[in-house]
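Participant: What follows is a structure written as structure tokens; I'll ask about it next.
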Amino acid sequence: MCGIVGYVGQKDCAPILVEGLRRLEYRGYDSAGLAVHTGRGVEIVRAVGKLSNLDAALKKNPLSGTTGIGHTRWATHGRPSEANAHPHVAGHVAVVHNGIIENHVQLRRDLESRGVKLQSDTDTEIVAHLIDEAMRQGRTRLSEAVRTALGHVRGAYAIAVVSGDAPDEIVVAKQDSPLVLGIGENENFAASDIPAILAHTRDIILLHDGEMAVLTASHVEISTLEGTRITREHKRIDWSPMQAEKGGYKHFMLKEIHEQPRAIEDTLRGRVDLPNADVVGAEIGLSAELAQRVSRVYFVACGTSAHSAMAGRYWVEQLARIPSTLEIGSEVRTRDPVFVPNDLVVAVSQSGETLDTLAAVKAAKAAGAHVLAVTNVVDSAIARASDGALYTHAGPEIGVASTKCFTSQLAALLMLAIYMGRRRGTLDTDGAHRVLDALWRVPAQMREVLARGEDIKAIAKKYLRTRDMLFLGRGTEFPVALEGALKLKEISYIHAEGYAAGEMKHGPIALIDEDMPVVVVCPRDNQYDKTFSNMEEVKAREGQLIAVCTEGDEDVRALCFSDAAPRSSTRGILSAAEPDVITIPEAANEVQPLLTVLPLQLLAYYMADLKGTDVDQPRNLAKTVTVE
Ligand code: G6P
């Protein structure tokens, strides 16, 4: 996830572009840059770090002109550095890009075999060279060259292109990454998102997938990538700048919950090889030889990441049949754990900076273990300290309570387990195909679950006055139960505990009475019957059941029906006629946690919001914890 912005008009564009990028910093902020037609051709200025560094670079090296493009980066290919910062230049062409080019390895090889010397590790520079090549081969119009170049590209992109040969225009194109056009008076804009241009115009055109546009100061010409002209009316946007930054959602957390289908798509992109029922090794950060040799997988993580790591542990055991264990980062430091050379330590961390996880990584490395980082931040401290990295592509997460990073970690860890299972021969083609196919379908199924937000809000309303809540799940739904409880306590300050459903009888059952809501994660999987029995035990003690189950499960629904007429308990919990059941679509067991966690995230969100807590910045918590 990165932010792009473009301007063509009569005004000096650099300040407009930088201000636009500032509004897009939520999309990434590891480096930034501008390309502007200065009259001497296209000139670029780039800087590593936050936008203030670009500001400083522009003071030293001002860019003056009325046509330009800008970019704020969140690295996916290549570490954050000036060489990897956008815009990327080839010949007279400069390109900014948001997205992931799936066939970048092949395209890079092809370009190099034609004698092209690439200056960066990015997939974007390849696009710049393809456009430059097309121009040299006689595509005189920039738009034609862009069209030809994109014919070779597979993947997700929103790009903006300028060329020294076309001083008064910007060409943009889009496939699977967002791009909006802003229509002004003698000026036009392009951007990844509306906040970047809202200060200048409220007249917006959304570009669709497979479309491109040529922008000049007075015209916007839209066409398909195949060349068919399109007319589209603009829409008037009446959001406030603050609303726009949150995409119209009330909080970043809610926006990020709804971004999960996209985050999973981006995390899977270019990595799932469905025809061969496999995962692309180059993207996993672990060699085939090592995957075969590993004798134990040792997961290390903190907080939400420890919950995804727990699911990862189950999958590695089930699919790759490797003994696996999970340790909380701080405990690795406290104990003096024994690592052996054939241990694979998998350090899971959305920020890549958590001190306890980093210390565990260093200890494991010192003991001779091989370390694989699973993180959302390219070149972060944990990625650097590790031997390899498997990156989630969730984009920056702003809400302190992690949501899209969690499910992206689940997707990455499931791919890791499949990759290892394939290398070790424990997972055959049919088995791998079944799980990968299910994983591929998750984003669409997530959208179905997220559409049930209002039902979940209604349940949240009912339980607002509760002081405690129990969350139960078995197998890979146990980490989901833990995560549901963590989300609730983090943002609503309601005391919540997650338990393995089988452990209920060893303690928590003593707490169950009519004032104890119990959330049970009970999709149809191989643990279903046992978890169902636990629900019956809760009901027998008059606990208030809230179930997450599979669509069409009438048994769970019937069980959750309260026999009693609506009444108030001492804490004001209303046992109503309608059962508190949230469903997920039918899915393979392995991918169910990516779906069952969504209702729990939304339940926590609505309970917190209805209580009026600070959802995005809950008290006492920090997004990145770099202290012991
Ligand atoms: C903090 C955050 C959590 C996160 C945990 C681990 O506590 O508030 O959301 O799960 O750190 O962070 P990491 O970046 O290592 O995943």
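Chain lettering (A, B, ...) mirrors the order of the structure tokens, residue numbering begins at 1 for each chain separately, and ligand numbering begins at 1 in order of display.
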Distance limit 10 Å, reference ligand 1, atoms considered: only C-alpha atoms and all ligand atoms. Which residues make the cut? Give them as a ChimeraX atom specification.

Facilitator: /A:300-308,329,347-358,374-377,382,397,399-403,405-406,409,483,486-487,490,617-618,620-626

Participant: Range 159-210 of chain A near range 134-152 of chain A within 9 Å: what's each residue's closest atom pair and its distance in Å to one decimal, counting only C-alpha atoms, ordered by chain then ascending residue number, as a Markdown table?

Facilitator:
```
| residue | atom | partner | partner_atom | distance |
| --- | --- | --- | --- | --- |
| A:Val161 | CA | A:Val146 | CA | 8.1 |
| A:Val162 | CA | A:Leu142 | CA | 8.1 |
| A:Ser163 | CA | A:Leu142 | CA | 7.2 |
| A:Asp165 | CA | A:Leu142 | CA | 8.0 |
| A:Ala166 | CA | A:Leu142 | CA | 7.0 |
| A:Glu169 | CA | A:Leu142 | CA | 8.8 |
| A:Ile170 | CA | A:Leu142 | CA | 8.7 |
| A:Val171 | CA | A:Ser143 | CA | 6.1 |
| A:Val172 | CA | A:Ser143 | CA | 8.5 |
| A:Ala173 | CA | A:Val146 | CA | 8.3 |
```

Participant: Please return, as a list in words, all residues of range 224-261 of chain A that DSSP assigns to strand (DSSP E) on the basis of the backbone.

Facilitator: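 Result set for range 224-261 of chain A (strand (DSSP E)): Thr224, Arg229, Ile230, Lys235 and Arg236 of chain A.
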
Participant: Please dump the current selection as a PDB file, in the first residue's frame; keep C-alpha atoms.

Facilitator:
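Dumped to result_8.pdb:
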```
ATOM      1  CA  THR A 224     -10.104   1.067 -21.331  1.00  0.00           C
ATOM      2  CA  ARG A 229     -13.231   5.577 -25.009  1.00  0.00           C
ATOM      3  CA  ILE A 230     -15.365   5.945 -21.867  1.00  0.00           C
ATOM      4  CA  LYS A 235     -19.504  12.727  -8.453  1.00  0.00           C
ATOM      5  CA  ARG A 236     -19.601  15.464  -5.860  1.00  0.00           C
TER       6      ARG A 236
END
```

Participant: Considering only C-alpha atoms, return as a count of residues only whatever protein or nucleic-acid residues lie within 10 Å of Thr476 in chain A, sequence-local ones (same chain, fewer than 3 positions apart) excluded.

Facilitator: 20

Participant: Using only C-alpha atoms, which residues sit within 9 Å of Val220 in chain A once same-chain residues fewer than 4 positions away are excluded, as a VMD selection string?

Facilitator: chain A and resid 181 183 188 213 to 216

Participant: Residues of the last selection are to be written out with N, CA and C atoms, as an mmCIF file, in the first residue's frame.

Facilitator:
```cif
data_model
loop_
_atom_site.group_PDB
_atom_site.id
_atom_site.type_symbol
_atom_site.label_atom_id
_atom_site.label_comp_id
_atom_site.auth_asym_id
_atom_site.auth_seq_id
_atom_site.Cartn_x
_atom_site.Cartn_y
_atom_site.Cartn_z
ATOM 1 N N LEU A 181 -9.785 10.443 -9.829
ATOM 2 C CA LEU A 181 -9.411 11.636 -10.577
ATOM 3 C C LEU A 181 -10.177 12.813 -9.975
ATOM 4 N N ILE A 183 -11.494 16.706 -10.648
ATOM 5 C CA ILE A 183 -11.725 17.617 -11.770
ATOM 6 C C ILE A 183 -11.778 19.051 -11.249
ATOM 7 N N ASN A 188 -6.349 19.491 -13.184
ATOM 8 C CA ASN A 188 -6.897 18.169 -12.884
ATOM 9 C C ASN A 188 -5.915 17.398 -12.014
ATOM 10 N N ALA A 213 -6.351 6.902 -18.016
ATOM 11 C CA ALA A 213 -6.828 8.250 -18.331
ATOM 12 C C ALA A 213 -5.645 9.134 -18.676
ATOM 13 N N VAL A 214 -5.897 10.055 -19.596
ATOM 14 C CA VAL A 214 -4.901 11.076 -19.915
ATOM 15 C C VAL A 214 -5.433 12.383 -19.346
ATOM 16 N N LEU A 215 -4.619 13.014 -18.496
ATOM 17 C CA LEU A 215 -5.036 14.253 -17.855
ATOM 18 C C LEU A 215 -4.208 15.412 -18.393
ATOM 19 N N THR A 216 -4.890 16.452 -18.855
ATOM 20 C CA THR A 216 -4.216 17.719 -19.133
ATOM 21 C C THR A 216 -4.924 18.763 -18.270
#
```

Participant: Mind pulling up the distance from CA of Met535 in chain A to CA of Asp468 in chain A?

Facilitator: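 If I compute the distance from CA of Asp468 in chain A to CA of Met535 in chain A, I get 17.5 Å.
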
Participant: Excluding range 55-65 of chain A and any residue of its chain fewer than 5 positions from it, enumerate the residues within 7 Å of it, using only C-alpha atoms, and give them as a list in words.

Facilitator: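 Once the adjacent positions are removed, what remains is Asp12, Cys13, Ala14, Val36, His37, Thr38, Val45 and Ala47 of chain A.
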
Participant: Once you have the residues from the selection above, write them out as a compact mmCIF listing (two decimals), in the first residue's frame, restricted to all heavy atoms.

Facilitator:
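Writing the result to selection20.txt gives the following:
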```txt
# COMPACT_ATOMS: atom_id res chain seq x y z
N ASP A 12 2.02 26.14 -9.44
CA ASP A 12 3.26 25.45 -9.11
C ASP A 12 2.87 24.16 -8.38
O ASP A 12 2.19 24.20 -7.35
CB ASP A 12 4.10 26.36 -8.21
CG ASP A 12 5.52 25.86 -8.12
OD1 ASP A 12 5.98 25.20 -9.07
OD2 ASP A 12 6.17 26.11 -7.09
N CYS A 13 3.28 23.00 -8.93
CA CYS A 13 2.65 21.77 -8.44
C CYS A 13 3.32 21.15 -7.22
O CYS A 13 2.68 20.40 -6.48
CB CYS A 13 2.52 20.74 -9.56
SG CYS A 13 4.09 20.08 -10.12
N ALA A 14 4.60 21.46 -6.97
CA ALA A 14 5.30 20.74 -5.89
C ALA A 14 4.58 20.87 -4.54
O ALA A 14 4.33 19.85 -3.87
CB ALA A 14 6.75 21.18 -5.80
N VAL A 36 8.67 16.33 -11.47
CA VAL A 36 8.01 17.54 -11.97
C VAL A 36 8.65 17.94 -13.32
O VAL A 36 9.87 17.85 -13.48
CB VAL A 36 8.16 18.69 -10.94
CG1 VAL A 36 7.60 20.00 -11.49
CG2 VAL A 36 7.46 18.33 -9.63
N HIS A 37 7.79 18.38 -14.24
CA HIS A 37 8.29 18.99 -15.47
C HIS A 37 8.81 20.37 -15.13
O HIS A 37 8.02 21.24 -14.75
CB HIS A 37 7.15 19.17 -16.48
CG HIS A 37 6.83 17.94 -17.23
ND1 HIS A 37 7.64 17.46 -18.22
CD2 HIS A 37 5.80 17.09 -17.12
CE1 HIS A 37 7.10 16.36 -18.70
NE2 HIS A 37 5.98 16.10 -18.05
N THR A 38 10.08 20.59 -15.24
CA THR A 38 10.62 21.88 -14.79
C THR A 38 10.96 22.80 -15.96
O THR A 38 11.50 23.88 -15.77
CB THR A 38 11.91 21.65 -13.98
OG1 THR A 38 12.83 20.97 -14.84
CG2 THR A 38 11.64 20.85 -12.72
N VAL A 45 13.00 14.49 -7.13
CA VAL A 45 13.62 14.60 -5.80
C VAL A 45 13.00 13.53 -4.95
O VAL A 45 11.77 13.36 -4.94
CB VAL A 45 13.38 16.01 -5.19
CG1 VAL A 45 13.80 16.03 -3.73
CG2 VAL A 45 14.14 17.07 -5.97
N ALA A 47 13.37 11.18 -1.03
CA ALA A 47 14.01 11.14 0.29
C ALA A 47 13.49 9.95 1.07
O ALA A 47 12.32 9.60 0.97
CB ALA A 47 13.73 12.43 1.05
```

Participant: Could you give me, as a ChimeraX atom specification, the residues within 10 Å of Glu19 in chain A, counting only C-alpha atoms and dropping anything in the same chain fewer than 2 positions from it?

Facilitator: /A:5,13-17,21-24,51,196-197,199

Participant: Go ahead and compute the interatomic distance for CA of Glu578 in chain A and CA of Arg557 in chain A, in Å to one decimal.

Facilitator: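 These two atoms are separated by 9.3 Å.
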
Participant: Need to verify the contact set: Ala32 in chain A, 10 Å, only C-alpha atoms, exclusion of same-chain residues closer than 2 positions in sequence. Can you return it as a ChimeraX atom specification?

Facilitator: /A:2-4,18,21,25,28-30,34,45-55,70-74,80-82,84-87
